[in-house]
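S.K.: Can you keep this structure in mind? I'll have questions shortly.
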Amino acid sequence: MKNKARDYKRTTIRRLDTLSSNECAAPDCSNKLIAKDGQTIVSKICHIEAASPDGPRYNPNMTDDERRHFDNLILLCDECHSIIDNKENESKYPVELLNDWKRNHEGKKQYSILTQKTGLLNAAINAISEYDFDDNDEILESPKAFNPEDKIAFNSIKRNKNLIKEYSVFFPKINAIYDELESQGSFRKEKLLRNIKLIYSKIKGKYVLDSDNEIEIIQLNADNILEDVENQLFEMIEDSATLNEDIAFSLPIIMVDAFLRCKILENPSAL
C-alpha cells in the first residue's frame with residue numbers, strides 16, 4: 001500500500017514542475033530536471049520534513065497531508081536528492097535551509113510568469129467562467145474582499161495559510177485583468193465567481209451533510225475543502241484547449257482571489 005505522504009496530488013506535482021524552471025532547487029547546482037532528450041524526467045520530489053520515521057528531518061507532529069503538501073516538497077536533481085536525504089548529512093541540510101532554497105528558487109519563477117505570460121491568467125479565468133453547470137441554484141453575491149488574516153483564522157486554515165498570504169499580493173493584478181476582459185465584452189466576472197462558489201458549496205455539503213455544527217465541521221476540514229476545490233478547478237481547466245504547462249501557477253491566484261471575495265470558505269463577518 002502506498003504511503004499517503006508520498007501520494008502527491010496532481011495539482012501539487014504540476015505546481016512543483018511549473019515553478020522549478022527545469023532547474024534543481026539547490027543553489028549551487030546547475031543540473032536540469034529533464035534529460036537531454038527533452039522527455040526523460042530526472043527530477044526527484046524531496047520531502048523537506050521526511051515522509052517516514054526513518055527519513056531525514058522527520059517531524060512526528062506532522063500529518064501525512066502536511067508531509068505531502070506543496071510547502072513540504074522541493075524539486076531536486078537525482079544527485080542532490082541523494083545527498084540531502086543521506087541521513088549522515090542531515091545536520092548539513094536542516095529544515096530551515098531547505099525552506100530557504102525552496103522560497104528563493106520558486107520565488108523567481110512566480111513573478112516572472114505573470115509578467116511575461118499575461119495571457120496565462122486570462123486563459124484560466126475564461127476556462128472557468130465559460131464552464132456550464134446543470135445546477136440553476138442562485139448564488140448570492142458576497143461582500144467584497146477584506147483582510148485575509150481574519151478569514152484564515154476564522155476558518156482555521158493551517159497548511160494552506162502560506163499559499164493564501166503568498167498569492168494575496170496578486171489581488172490588484174487579477175482585478176485589472178477582470179476590468180480589461182469586461183471592457184472587451186468577452187467576460188462576465190459574476191459567472192466565474194458564481195461557478196467557483198457553486199463548486200465550493202457542493203464540496204462543503206459533502207463534509208457538512210445534515211449536521212447542525214456546520215461551522216465547526218468546516219473549520220476542522222478547511223484545508224481539505226480548499227484543496228478539493230482546487231482539484232475540481234484544475235480538472236475543469238485541464239479539459240480546456242487553453243491549457244499549457246504553467247496552469248499550476250495561475251490556478252492558485254484565481255483561488256485566493258475567490259477566497260478573498262468569500263466564494264471559498266466562510267465569511268467571519270456574516271455570522
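In the C-alpha cells, the first chain shown is A, the next is B, and so on; residue numbers restart at 1 for each chain, and ligands run from 1 in the order shown.
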With a cut-off of 12 Å, could you pull out the residues of stretch 61-107 of chain A touching stretch 11-14 of chain A and give me the nearest pair of atoms for each, distance in Å to one decimal, using only C-alpha atoms, ordered by chain and ascending number, as a Markdown table?

M.R.:
| residue | atom | partner | partner_atom | distance |
| --- | --- | --- | --- | --- |
| A:Asp65 | CA | A:Thr12 | CA | 11.8 |
| A:Arg68 | CA | A:Thr12 | CA | 8.7 |
| A:His69 | CA | A:Thr12 | CA | 7.3 |
| A:Phe70 | CA | A:Thr12 | CA | 5.7 |
| A:Asp71 | CA | A:Thr12 | CA | 9.4 |
| A:Asn72 | CA | A:Thr12 | CA | 10.6 |
| A:Leu73 | CA | A:Thr12 | CA | 9.0 |
| A:Ile74 | CA | A:Ile13 | CA | 10.3 |
| A:Leu75 | CA | A:Ile13 | CA | 9.5 |

S.K.: Quick one: residues within 7 Å of stretch 191-201 of chain A, only C-alpha atoms counted, chain neighbours fewer than 4 positions away excluded, as a compact mmCIF listing (two decimals) with C-alpha atoms, in the first residue's frame?

M.R.:
# COMPACT_ATOMS: atom_id res chain seq x y z
CA ILE A 128 -13.65 28.52 -15.52
CA SER A 129 -16.11 31.29 -16.36
CA ILE A 139 -25.57 32.06 -5.62
CA GLY A 205 -22.03 19.85 1.51
CA VAL A 229 -11.99 22.93 -4.75
CA ALA A 258 -12.13 33.89 -4.82
CA LYS A 263 -16.57 32.46 -2.67
CA ILE A 264 -14.50 29.77 -0.97

S.K.: Find, counting only C-alpha atoms, the residue in A:His47, A:Leu251, A:Arg261, A:Thr40 that gets nearest to A:Met236.

M.R.: A:Leu251

S.K.: Tell me which protein, DNA and RNA residues are within 12 Å of stretch 218-221 of chain A, counting only C-alpha atoms, leaving out same-chain ones fewer than 5 positions away, and put them as a PyMOL selection string.

M.R.: chain A and resi 65+151-160+200-201+203-209+211-213+226-228+264-268

S.K.: Hey, what does DSSP flag as helix (DSSP H, G or I) within stretch 52-233 of chain A? Can you give it to me as a short mmCIF file (atom, residue, chain, number, x, y, z; two decimals) with N, CA, C and O atoms, in the first residue's frame?

M.R.:
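Writing done, so here's result.cif:
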data_model
loop_
_atom_site.label_atom_id
_atom_site.label_comp_id
_atom_site.auth_asym_id
_atom_site.auth_seq_id
_atom_site.Cartn_x
_atom_site.Cartn_y
_atom_site.Cartn_z
N ASP A 64 0.17 13.20 7.51
CA ASP A 64 0.59 12.81 6.16
C ASP A 64 0.16 13.82 5.12
O ASP A 64 0.85 14.03 4.12
N ASP A 65 -0.99 14.48 5.35
CA ASP A 65 -1.42 15.53 4.42
C ASP A 65 -0.44 16.70 4.44
O ASP A 65 -0.18 17.32 3.40
N GLU A 66 0.10 17.02 5.60
CA GLU A 66 1.11 18.08 5.69
C GLU A 66 2.42 17.64 5.06
O GLU A 66 3.13 18.44 4.44
N ARG A 67 2.76 16.36 5.21
CA ARG A 67 4.02 15.87 4.65
C ARG A 67 4.00 15.87 3.12
O ARG A 67 5.03 16.08 2.48
N PHE A 70 2.45 20.84 -0.78
CA PHE A 70 3.40 21.61 -1.58
C PHE A 70 4.47 22.29 -0.74
O PHE A 70 5.65 22.30 -1.10
N ASP A 71 4.09 22.84 0.41
CA ASP A 71 5.03 23.58 1.25
C ASP A 71 6.15 22.71 1.79
O ASP A 71 7.20 23.22 2.17
N ASN A 72 5.94 21.39 1.85
CA ASN A 72 6.94 20.49 2.42
C ASN A 72 7.74 19.76 1.34
O ASN A 72 8.51 18.87 1.65
N ASP A 78 18.53 14.21 -9.19
CA ASP A 78 18.74 12.93 -8.51
C ASP A 78 19.96 12.97 -7.59
O ASP A 78 19.96 12.46 -6.48
N GLU A 79 21.02 13.63 -8.05
CA GLU A 79 22.26 13.70 -7.26
C GLU A 79 22.05 14.47 -5.96
O GLU A 79 22.41 14.00 -4.87
N CYS A 80 21.46 15.66 -6.05
CA CYS A 80 21.24 16.47 -4.86
C CYS A 80 20.24 15.80 -3.91
O CYS A 80 20.39 15.87 -2.69
N HIS A 81 19.24 15.16 -4.48
CA HIS A 81 18.27 14.44 -3.64
C HIS A 81 18.96 13.36 -2.82
O HIS A 81 18.69 13.20 -1.63
N SER A 82 19.85 12.61 -3.46
CA SER A 82 20.56 11.53 -2.76
C SER A 82 21.45 12.08 -1.65
O SER A 82 21.54 11.51 -0.56
N ILE A 83 22.10 13.21 -1.92
CA ILE A 83 22.98 13.82 -0.91
C ILE A 83 22.17 14.34 0.27
O ILE A 83 22.50 14.10 1.43
N ILE A 84 21.11 15.06 -0.02
CA ILE A 84 20.32 15.71 1.03
C ILE A 84 19.56 14.70 1.88
O ILE A 84 19.37 14.90 3.09
N LYS A 87 21.13 10.24 5.55
CA LYS A 87 20.97 10.52 6.98
C LYS A 87 22.25 11.08 7.60
O LYS A 87 22.20 11.87 8.55
N GLU A 88 23.39 10.71 7.06
CA GLU A 88 24.66 11.21 7.59
C GLU A 88 24.84 12.70 7.32
O GLU A 88 25.65 13.36 7.98
N ASN A 89 24.10 13.21 6.36
CA ASN A 89 24.20 14.63 6.01
C ASN A 89 23.08 15.48 6.62
O ASN A 89 22.96 16.67 6.30
N GLU A 90 22.28 14.89 7.47
CA GLU A 90 21.08 15.58 7.97
C GLU A 90 21.41 16.92 8.62
O GLU A 90 20.69 17.91 8.42
N SER A 91 22.47 16.97 9.39
CA SER A 91 22.82 18.22 10.07
C SER A 91 23.28 19.31 9.10
O SER A 91 23.18 20.50 9.40
N LYS A 92 23.75 18.91 7.92
CA LYS A 92 24.20 19.88 6.92
C LYS A 92 23.04 20.52 6.17
O LYS A 92 23.17 21.60 5.60
N VAL A 95 15.93 21.77 8.07
CA VAL A 95 14.65 22.20 7.51
C VAL A 95 14.70 23.67 7.08
O VAL A 95 14.24 24.03 6.00
N GLU A 96 15.26 24.52 7.92
CA GLU A 96 15.30 25.96 7.63
C GLU A 96 16.06 26.25 6.33
O GLU A 96 15.65 27.10 5.53
N LEU A 97 17.17 25.53 6.10
CA LEU A 97 17.96 25.75 4.89
C LEU A 97 17.17 25.34 3.65
O LEU A 97 17.14 26.08 2.66
N LEU A 98 16.53 24.18 3.70
CA LEU A 98 15.78 23.70 2.54
C LEU A 98 14.57 24.59 2.25
O LEU A 98 14.21 24.80 1.10
N ASN A 99 13.95 25.12 3.30
CA ASN A 99 12.85 26.06 3.09
C ASN A 99 13.34 27.33 2.39
O ASN A 99 12.64 27.88 1.54
N ASP A 100 14.52 27.78 2.74
CA ASP A 100 15.11 28.95 2.08
C ASP A 100 15.38 28.65 0.61
O ASP A 100 15.11 29.49 -0.27
N TRP A 101 15.93 27.48 0.34
CA TRP A 101 16.17 27.09 -1.05
C TRP A 101 14.88 27.13 -1.85
O TRP A 101 14.84 27.67 -2.95
N LYS A 102 13.84 26.55 -1.28
CA LYS A 102 12.55 26.47 -1.96
C LYS A 102 11.98 27.86 -2.24
O LYS A 102 11.59 28.16 -3.37
N ARG A 103 11.95 28.72 -1.23
CA ARG A 103 11.39 30.07 -1.40
C ARG A 103 12.16 30.87 -2.44
O ARG A 103 11.58 31.52 -3.31
N ASN A 104 13.48 30.82 -2.36
CA ASN A 104 14.30 31.61 -3.28
C ASN A 104 14.18 31.12 -4.72
O ASN A 104 14.09 31.91 -5.66
N HIS A 105 14.18 29.80 -4.88
CA HIS A 105 14.14 29.23 -6.23
C HIS A 105 12.78 29.45 -6.89
O HIS A 105 12.70 29.91 -8.03
N GLU A 106 11.71 29.14 -6.17
CA GLU A 106 10.37 29.25 -6.74
C GLU A 106 9.92 30.71 -6.87
O GLU A 106 9.15 31.05 -7.77
N GLY A 107 10.42 31.56 -5.96
CA GLY A 107 10.01 32.95 -6.00
C GLY A 107 10.39 33.64 -7.30
O GLY A 107 9.65 34.48 -7.81
N LYS A 108 11.54 33.30 -7.85
CA LYS A 108 11.99 33.90 -9.11
C LYS A 108 11.02 33.59 -10.24
O LYS A 108 10.71 34.44 -11.07
N LYS A 109 10.53 32.37 -10.27
CA LYS A 109 9.65 31.93 -11.35
C LYS A 109 8.25 32.52 -11.20
O LYS A 109 7.61 32.91 -12.18
N GLN A 110 7.77 32.61 -9.96
CA GLN A 110 6.41 33.09 -9.72
C GLN A 110 6.15 34.45 -10.35
O GLN A 110 5.16 34.65 -11.05
N TYR A 111 7.03 35.39 -10.09
CA TYR A 111 6.80 36.75 -10.56
C TYR A 111 7.11 36.91 -12.04
O TYR A 111 6.52 37.75 -12.71
N SER A 112 8.00 36.09 -12.56
CA SER A 112 8.33 36.20 -13.99
C SER A 112 7.19 35.68 -14.86
O SER A 112 6.96 36.21 -15.95
N ILE A 113 6.48 34.67 -14.40
CA ILE A 113 5.39 34.10 -15.20
C ILE A 113 4.31 35.14 -15.45
O ILE A 113 3.86 35.36 -16.58
N LEU A 114 3.86 35.78 -14.38
CA LEU A 114 2.77 36.73 -14.52
C LEU A 114 3.19 37.94 -15.35
O LEU A 114 2.39 38.53 -16.06
N THR A 115 4.47 38.30 -15.27
CA THR A 115 4.98 39.44 -16.03
C THR A 115 5.14 39.11 -17.51
O THR A 115 4.78 39.90 -18.38
N GLN A 116 5.65 37.92 -17.79
CA GLN A 116 6.00 37.56 -19.17
C GLN A 116 4.88 36.84 -19.91
O GLN A 116 4.87 36.79 -21.13
N THR A 118 1.21 37.20 -19.72
CA THR A 118 -0.01 37.83 -19.24
C THR A 118 -1.27 37.11 -19.72
O THR A 118 -2.32 37.20 -19.09
N GLY A 119 -1.18 36.39 -20.83
CA GLY A 119 -2.35 35.68 -21.33
C GLY A 119 -2.68 34.43 -20.54
O GLY A 119 -3.79 33.88 -20.66
N LEU A 120 -1.75 33.96 -19.73
CA LEU A 120 -1.95 32.72 -18.99
C LEU A 120 -3.11 32.81 -18.02
O LEU A 120 -3.99 31.96 -17.98
N LEU A 121 -3.12 33.88 -17.22
CA LEU A 121 -4.17 34.05 -16.23
C LEU A 121 -5.52 34.27 -16.92
O LEU A 121 -6.54 33.74 -16.49
N ASN A 122 -5.51 35.03 -18.00
CA ASN A 122 -6.74 35.25 -18.76
C ASN A 122 -7.34 33.93 -19.23
O ASN A 122 -8.56 33.71 -19.17
N ALA A 123 -6.48 33.04 -19.73
CA ALA A 123 -6.95 31.77 -20.27
C ALA A 123 -7.60 30.92 -19.18
O ALA A 123 -8.65 30.31 -19.40
N ALA A 124 -6.98 30.87 -18.00
CA ALA A 124 -7.54 30.09 -16.91
C ALA A 124 -8.87 30.67 -16.43
O ALA A 124 -9.83 29.95 -16.14
N ILE A 125 -8.93 32.00 -16.35
CA ILE A 125 -10.16 32.68 -15.94
C ILE A 125 -11.29 32.36 -16.92
O ILE A 125 -12.41 32.01 -16.52
N ASN A 126 -11.01 32.44 -18.21
CA ASN A 126 -12.04 32.18 -19.21
C ASN A 126 -12.50 30.73 -19.18
O ASN A 126 -13.68 30.43 -19.37
N ALA A 127 -11.57 29.80 -18.94
CA ALA A 127 -11.93 28.39 -18.90
C ALA A 127 -12.93 28.10 -17.79
O ALA A 127 -13.86 27.32 -17.97
N ILE A 128 -12.74 28.74 -16.65
CA ILE A 128 -13.65 28.52 -15.52
C ILE A 128 -14.97 29.25 -15.73
O ILE A 128 -16.05 28.70 -15.49
N SER A 129 -14.90 30.49 -16.21
CA SER A 129 -16.11 31.29 -16.36
C SER A 129 -17.03 30.75 -17.46
O SER A 129 -18.25 30.93 -17.40
N PRO A 148 -7.17 39.05 4.71
CA PRO A 148 -7.14 37.58 4.66
C PRO A 148 -6.83 36.94 6.00
O PRO A 148 -7.26 35.80 6.25
N GLU A 149 -6.11 37.63 6.87
CA GLU A 149 -5.77 37.06 8.18
C GLU A 149 -7.03 36.72 8.97
O GLU A 149 -7.09 35.70 9.65
N ASP A 150 -8.05 37.57 8.88
CA ASP A 150 -9.29 37.33 9.61
C ASP A 150 -9.99 36.07 9.14
O ASP A 150 -10.47 35.27 9.93
N LYS A 151 -10.02 35.90 7.83
CA LYS A 151 -10.71 34.74 7.28
C LYS A 151 -9.92 33.46 7.49
O LYS A 151 -10.47 32.39 7.72
N ILE A 152 -8.60 33.55 7.40
CA ILE A 152 -7.74 32.39 7.67
C ILE A 152 -7.98 31.90 9.08
O ILE A 152 -8.15 30.69 9.33
N ALA A 153 -7.98 32.82 10.04
CA ALA A 153 -8.17 32.46 11.45
C ALA A 153 -9.57 31.90 11.69
O ALA A 153 -9.73 30.88 12.38
N PHE A 154 -10.57 32.53 11.13
CA PHE A 154 -11.95 32.09 11.36
C PHE A 154 -12.19 30.68 10.84
O PHE A 154 -12.87 29.88 11.48
N ASN A 155 -11.63 30.36 9.67
CA ASN A 155 -11.84 29.04 9.08
C ASN A 155 -10.82 28.01 9.54
O ASN A 155 -10.88 26.86 9.11
N LYS A 161 -2.15 28.19 4.68
CA LYS A 161 -2.04 29.58 5.12
C LYS A 161 -0.99 30.33 4.30
O LYS A 161 -1.22 31.47 3.86
N ASN A 162 0.15 29.70 4.08
CA ASN A 162 1.22 30.38 3.33
C ASN A 162 0.81 30.66 1.89
O ASN A 162 1.16 31.70 1.33
N LEU A 163 0.09 29.73 1.28
CA LEU A 163 -0.34 29.91 -0.09
C LEU A 163 -1.24 31.14 -0.21
O LEU A 163 -1.08 31.97 -1.12
N ILE A 164 -2.17 31.29 0.72
CA ILE A 164 -3.09 32.43 0.68
C ILE A 164 -2.34 33.74 0.86
O ILE A 164 -2.55 34.71 0.12
N LYS A 165 -1.43 33.78 1.83
CA LYS A 165 -0.67 35.01 2.06
C LYS A 165 0.22 35.34 0.85
O LYS A 165 0.35 36.50 0.45
N GLU A 166 0.80 34.31 0.27
CA GLU A 166 1.74 34.48 -0.84
C GLU A 166 1.03 35.04 -2.08
O GLU A 166 1.55 35.94 -2.75
N TYR A 167 -0.15 34.51 -2.38
CA TYR A 167 -0.84 34.90 -3.61
C TYR A 167 -1.79 36.07 -3.43
O TYR A 167 -2.33 36.58 -4.41
N SER A 168 -1.99 36.52 -2.20
CA SER A 168 -2.85 37.69 -1.97
C SER A 168 -2.29 38.94 -2.64
O SER A 168 -3.05 39.87 -2.98
N VAL A 169 -0.98 38.97 -2.85
CA VAL A 169 -0.35 40.16 -3.46
C VAL A 169 -0.81 40.36 -4.90
O VAL A 169 -0.65 41.45 -5.46
N PHE A 170 -1.38 39.31 -5.52
CA PHE A 170 -1.82 39.42 -6.91
C PHE A 170 -3.25 39.92 -7.04
O PHE A 170 -3.78 40.01 -8.15
N PHE A 171 -3.89 40.22 -5.90
CA PHE A 171 -5.28 40.66 -5.94
C PHE A 171 -5.48 41.88 -6.86
O PHE A 171 -6.40 41.89 -7.69
N PRO A 172 -4.65 42.92 -6.79
CA PRO A 172 -4.83 44.06 -7.71
C PRO A 172 -4.64 43.66 -9.18
O PRO A 172 -5.33 44.19 -10.06
N LYS A 173 -3.71 42.73 -9.44
CA LYS A 173 -3.44 42.31 -10.81
C LYS A 173 -4.65 41.61 -11.41
O LYS A 173 -5.04 41.89 -12.55
N ILE A 174 -5.27 40.71 -10.66
CA ILE A 174 -6.41 39.97 -11.21
C ILE A 174 -7.60 40.90 -11.39
O ILE A 174 -8.39 40.75 -12.31
N ASN A 175 -7.73 41.92 -10.52
CA ASN A 175 -8.79 42.90 -10.70
C ASN A 175 -8.61 43.66 -12.01
O ASN A 175 -9.58 43.95 -12.72
N ALA A 176 -7.37 44.00 -12.32
CA ALA A 176 -7.09 44.71 -13.56
C ALA A 176 -7.42 43.84 -14.77
O ALA A 176 -7.95 44.33 -15.78
N ILE A 177 -7.14 42.54 -14.67
CA ILE A 177 -7.47 41.63 -15.77
C ILE A 177 -8.97 41.50 -15.92
O ILE A 177 -9.51 41.49 -17.04
N TYR A 178 -9.69 41.40 -14.80
CA TYR A 178 -11.16 41.37 -14.85
C TYR A 178 -11.68 42.60 -15.59
O TYR A 178 -12.53 42.49 -16.47
N ASP A 179 -11.20 43.77 -15.23
CA ASP A 179 -11.67 45.01 -15.84
C ASP A 179 -11.39 45.04 -17.34
O ASP A 179 -12.22 45.47 -18.14
N GLU A 180 -10.20 44.57 -17.71
CA GLU A 180 -9.82 44.57 -19.11
C GLU A 180 -10.70 43.62 -19.92
O GLU A 180 -11.18 43.95 -21.01
N LEU A 181 -10.93 42.42 -19.39
CA LEU A 181 -11.76 41.45 -20.09
C LEU A 181 -13.19 41.95 -20.25
O LEU A 181 -13.81 41.78 -21.29
N GLU A 182 -13.70 42.57 -19.19
CA GLU A 182 -15.07 43.07 -19.25
C GLU A 182 -15.19 44.25 -20.22
O GLU A 182 -16.21 44.41 -20.89
N SER A 183 -14.14 45.06 -20.32
CA SER A 183 -14.17 46.18 -21.25
C SER A 183 -14.19 45.70 -22.69
O SER A 183 -14.67 46.39 -23.59
N LYS A 189 -17.47 38.54 -14.93
CA LYS A 189 -16.85 38.19 -13.65
C LYS A 189 -17.82 37.41 -12.78
O LYS A 189 -17.42 36.48 -12.07
N GLU A 190 -19.10 37.78 -12.83
CA GLU A 190 -20.09 37.12 -11.98
C GLU A 190 -20.19 35.63 -12.29
O GLU A 190 -20.39 34.81 -11.39
N LYS A 191 -20.03 35.26 -13.57
CA LYS A 191 -20.12 33.85 -13.95
C LYS A 191 -18.94 33.06 -13.39
O LYS A 191 -19.09 31.95 -12.88
N LEU A 192 -17.75 33.64 -13.47
CA LEU A 192 -16.57 32.99 -12.90
C LEU A 192 -16.75 32.76 -11.41
O LEU A 192 -16.58 31.63 -10.91
N LEU A 193 -17.10 33.82 -10.68
CA LEU A 193 -17.22 33.72 -9.22
C LEU A 193 -18.39 32.84 -8.82
O LEU A 193 -18.33 32.12 -7.81
N ARG A 194 -19.45 32.87 -9.61
CA ARG A 194 -20.60 32.00 -9.32
C ARG A 194 -20.20 30.54 -9.46
O ARG A 194 -20.56 29.70 -8.64
N ASN A 195 -19.46 30.20 -10.51
CA ASN A 195 -19.02 28.82 -10.71
C ASN A 195 -18.14 28.34 -9.56
O ASN A 195 -18.28 27.21 -9.08
N ILE A 196 -17.23 29.20 -9.12
CA ILE A 196 -16.36 28.81 -8.01
C ILE A 196 -17.16 28.65 -6.73
O ILE A 196 -16.97 27.69 -5.97
N LYS A 197 -18.08 29.57 -6.48
CA LYS A 197 -18.93 29.48 -5.30
C LYS A 197 -19.78 28.21 -5.33
O LYS A 197 -19.96 27.54 -4.30
N LEU A 198 -20.28 27.86 -6.49
CA LEU A 198 -21.10 26.66 -6.63
C LEU A 198 -20.28 25.40 -6.35
O LEU A 198 -20.74 24.48 -5.66
N ILE A 199 -19.06 25.37 -6.86
CA ILE A 199 -18.17 24.23 -6.58
C ILE A 199 -17.91 24.12 -5.08
O ILE A 199 -17.98 23.03 -4.50
N TYR A 200 -17.60 25.25 -4.45
CA TYR A 200 -17.35 25.24 -3.01
C TYR A 200 -18.58 24.74 -2.25
O TYR A 200 -18.46 23.90 -1.33
N SER A 201 -19.75 25.21 -2.61
CA SER A 201 -20.97 24.84 -1.89
C SER A 201 -21.22 23.33 -1.98
O SER A 201 -21.62 22.70 -0.99
N LYS A 202 -20.98 22.76 -3.15
CA LYS A 202 -21.18 21.31 -3.31
C LYS A 202 -20.17 20.51 -2.51
O LYS A 202 -20.50 19.50 -1.89
N ILE A 203 -18.91 20.95 -2.54
CA ILE A 203 -17.87 20.23 -1.80
C ILE A 203 -18.11 20.38 -0.30
O ILE A 203 -17.98 19.41 0.46
N LYS A 204 -18.45 21.57 0.15
CA LYS A 204 -18.77 21.79 1.56
C LYS A 204 -19.90 20.87 2.01
O LYS A 204 -19.84 20.29 3.10
N GLY A 205 -20.90 20.71 1.16
CA GLY A 205 -22.03 19.85 1.51
C GLY A 205 -21.65 18.41 1.77
O GLY A 205 -22.26 17.74 2.61
N LYS A 206 -20.61 17.93 1.09
CA LYS A 206 -20.17 16.55 1.29
C LYS A 206 -19.55 16.36 2.67
O LYS A 206 -19.56 15.25 3.21
N TYR A 207 -19.01 17.42 3.22
CA TYR A 207 -18.42 17.35 4.56
C TYR A 207 -19.47 17.61 5.63
O TYR A 207 -19.52 16.92 6.65
N VAL A 208 -20.30 18.60 5.40
CA VAL A 208 -21.26 19.03 6.42
C VAL A 208 -22.45 18.07 6.51
O VAL A 208 -22.95 17.79 7.61
N GLU A 214 -22.30 23.17 11.34
CA GLU A 214 -21.69 23.41 10.05
C GLU A 214 -20.34 24.10 10.16
O GLU A 214 -19.35 23.66 9.56
N ILE A 215 -20.27 25.18 10.91
CA ILE A 215 -19.03 25.94 11.00
C ILE A 215 -17.93 25.11 11.63
O ILE A 215 -16.77 25.13 11.18
N GLU A 216 -18.25 24.37 12.66
CA GLU A 216 -17.23 23.53 13.32
C GLU A 216 -16.66 22.51 12.35
O GLU A 216 -15.44 22.28 12.31
N ILE A 217 -17.51 21.89 11.54
CA ILE A 217 -17.04 20.89 10.58
C ILE A 217 -16.19 21.56 9.50
O ILE A 217 -15.15 21.02 9.09
N ILE A 218 -16.59 22.72 9.05
CA ILE A 218 -15.80 23.46 8.05
C ILE A 218 -14.43 23.80 8.62
O ILE A 218 -13.40 23.66 7.94
N GLN A 219 -14.39 24.25 9.85
CA GLN A 219 -13.12 24.61 10.48
C GLN A 219 -12.20 23.39 10.63
O GLN A 219 -10.99 23.50 10.47
N LEU A 220 -12.77 22.24 10.91
CA LEU A 220 -11.98 21.02 11.05
C LEU A 220 -11.44 20.53 9.71
O LEU A 220 -10.41 19.85 9.65
N ASN A 221 -12.15 20.89 8.62
CA ASN A 221 -11.80 20.35 7.30
C ASN A 221 -11.45 21.44 6.29
O ASN A 221 -11.44 21.18 5.09
N ALA A 222 -11.15 22.64 6.77
CA ALA A 222 -10.96 23.78 5.87
C ALA A 222 -9.88 23.52 4.82
O ALA A 222 -10.07 23.83 3.63
N ASP A 223 -8.76 22.96 5.21
CA ASP A 223 -7.68 22.72 4.25
C ASP A 223 -8.08 21.67 3.23
O ASP A 223 -7.79 21.81 2.04
N ASN A 224 -8.76 20.61 3.68
CA ASN A 224 -9.22 19.58 2.74
C ASN A 224 -10.24 20.15 1.75
O ASN A 224 -10.19 19.85 0.56
N ILE A 225 -11.15 20.98 2.23
CA ILE A 225 -12.16 21.59 1.37
C ILE A 225 -11.49 22.49 0.33
O ILE A 225 -11.81 22.44 -0.86
N LEU A 226 -10.55 23.30 0.78
CA LEU A 226 -9.84 24.20 -0.13
C LEU A 226 -9.13 23.41 -1.22
O LEU A 226 -9.16 23.78 -2.41
N GLU A 227 -8.48 22.32 -0.85
CA GLU A 227 -7.75 21.51 -1.82
C GLU A 227 -8.69 20.73 -2.73
O GLU A 227 -8.37 20.50 -3.91
N ASP A 228 -9.86 20.35 -2.24
CA ASP A 228 -10.86 19.69 -3.10
C ASP A 228 -11.36 20.66 -4.17
O ASP A 228 -11.57 20.27 -5.33
N VAL A 229 -11.57 21.91 -3.78
CA VAL A 229 -11.99 22.93 -4.75
C VAL A 229 -10.88 23.11 -5.80
O VAL A 229 -11.16 23.18 -7.01
N GLU A 230 -9.65 23.18 -5.35
CA GLU A 230 -8.53 23.33 -6.27
C GLU A 230 -8.47 22.19 -7.27
O GLU A 230 -8.28 22.40 -8.48
N ASN A 231 -8.66 20.96 -6.80
CA ASN A 231 -8.60 19.80 -7.69
C ASN A 231 -9.70 19.84 -8.74
O ASN A 231 -9.47 19.52 -9.91
N GLN A 232 -10.91 20.25 -8.33
CA GLN A 232 -12.00 20.29 -9.30
C GLN A 232 -11.78 21.40 -10.32
O GLN A 232 -12.04 21.21 -11.51
N LEU A 233 -11.29 22.56 -9.88
CA LEU A 233 -10.99 23.64 -10.81
C LEU A 233 -9.88 23.22 -11.78
O LEU A 233 -9.93 23.54 -12.97
#

S.K.: Using only C-alpha atoms, which of the listed residues (A:Pro53, A:Phe234, A:Asp28, A:Cys262) sits closest to A:Ser250?

M.R.: A:Phe234

S.K.: Between atom CA of A:Gln39 and atom CA of A:Ala26, what distance in Å does the model show, to one decimal?

M.R.: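 Interatomic distance, atom CA of A:Gln39 to atom CA of A:Ala26: 21.8 Å.
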
S.K.: Given only C-alpha atoms as the basis, pick out the residue of A:Ala5, A:Met255, A:Cys24, A:Ile237 nearest to A:Ser43.

M.R.: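 Closest residue, counting only C-alpha atoms: A:Cys24.
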
S.K.: Would you mind writing down, as a list in words, each residue of stretch 74-216 of chain A that DSSP on the backbone assigns to strand (DSSP E or B)?

M.R.: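 Going through stretch 74-216 of chain A, the strand (DSSP E or B) residues come out as Ile74, Leu75, Leu76 and Cys77 of chain A.
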
S.K.: Could you tell me how far atom CA of A:Asp54 sits from atom CA of A:Asn3, in Å to one decimal place?

M.R.: 13.2 Å

S.K.: Can you measure atom CA of A:Thr18 to atom CA of A:Asn61 for me? One decimal in Å is fine.

M.R.: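 Atom-to-atom, atom CA of A:Thr18 and atom CA of A:Asn61 are spaced 29.4 Å apart.
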